[in-house]
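Okay, structure first, notes after.
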Amino acid sequence: MKLESLFKVLLLIVITITSANAMKQDEIQTILTKKIDTVLEILKQKNLTTSKKGEQIIKIIDEVFDYELMARVALGKETWDTLTEQKQKEFTKVFETKLKNSYIEKLEFYNDQKVKIIGLNPYKNNRLQLETELLGKEGVYKINYNFYNKSKDGEQWLIYDVDLVGVSIIQTYRQQFSGLLKEKTFDEMLALLEKPNTK
């Protein structure tokens, strides 16, 4: 399988969001397992259009990711800190929309793959990582969900990044945005990202 096609399949399991409901540590594996199983069941339904599948799946997954943090890290602290609060919100919304649209466009690449939950393990800087594997005819590929504790006085675990076969989604976007900002102003880049055909 070509790397580009592999990423398209892996991204079917990964959705980013704006509204986040944090989990306790002992809930992470159970909740993610149920959500992933439900996503796969929806993908198997032949009577639903691609857009309907996308809408249903986003509603299921959109409570466990910290989209705002992901947008901030993807843009980079140096650029983020120069923006007004309004511009930060605008970028976050555009980033969310691009990721969701990109996800829906990739639904056609689903071909009865399954997901195996390996386990939740300690990760760097007091974070956690839920290790999973995508099982398909082409082989077995690792998808790891990285969590951080949003609360300093309790447990509010949210996903801030996903590693697809060892490649960070957020770092990939950060490299893309960094490259664009070498040639364009922030507003020019934002306008480019708002175009429907921009990846």
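Identifiers in the structure tokens: chain A, B, ... in order shown; residue index from 1 per chain; ligand index from 1 in order shown.
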Strand (DSSP E or B) per DSSP on the backbone: members of range 29-194 of chain A, as a ChimeraX atom specification: /A:65,114-123,127-136,139-149,157-164,167-168
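The space separating CA of Ile159 in chain A from CA of Gly136 in chain A comes to 24.6 Å.
You can rank A:Ile31, A:Leu130, A:Leu158, A:Val115 by their closest distance to Leu69 in chain A using only C-alpha atoms, and at the top of that list sits A:Leu158.
Using only C-alpha atoms, the protein and nucleic acid residues lying no more than 12 Å from Glu90 in chain A, apart from those fewer than 3 places from it along its own chain, are A:Glu68, A:Ala71, A:Arg72, A:Trp80, A:Leu83, A:Thr84, A:Glu85, A:Gln86, A:Lys87, A:Lys93, A:Val94, A:Phe95, A:Glu96, A:Thr97, A:Phe186, A:Asp187, A:Leu190, A:Ala191, A:Leu193, A:Glu194.
The coordinates place CA of Gln88 in chain A at 22.0 Å from CA of Ser168 in chain A.
When only C-alpha atoms are used to measure the gap to Ile143 in chain A, the shortest distance among A:Ile169, A:Leu43, A:Val162, A:Val64 belongs to A:Val162.
When only C-alpha atoms are used to compute distances to Lys100 in chain A, the closest of the residues A:Asp112, A:Glu78, A:Glu55, A:Glu131 turns out to be A:Glu55.
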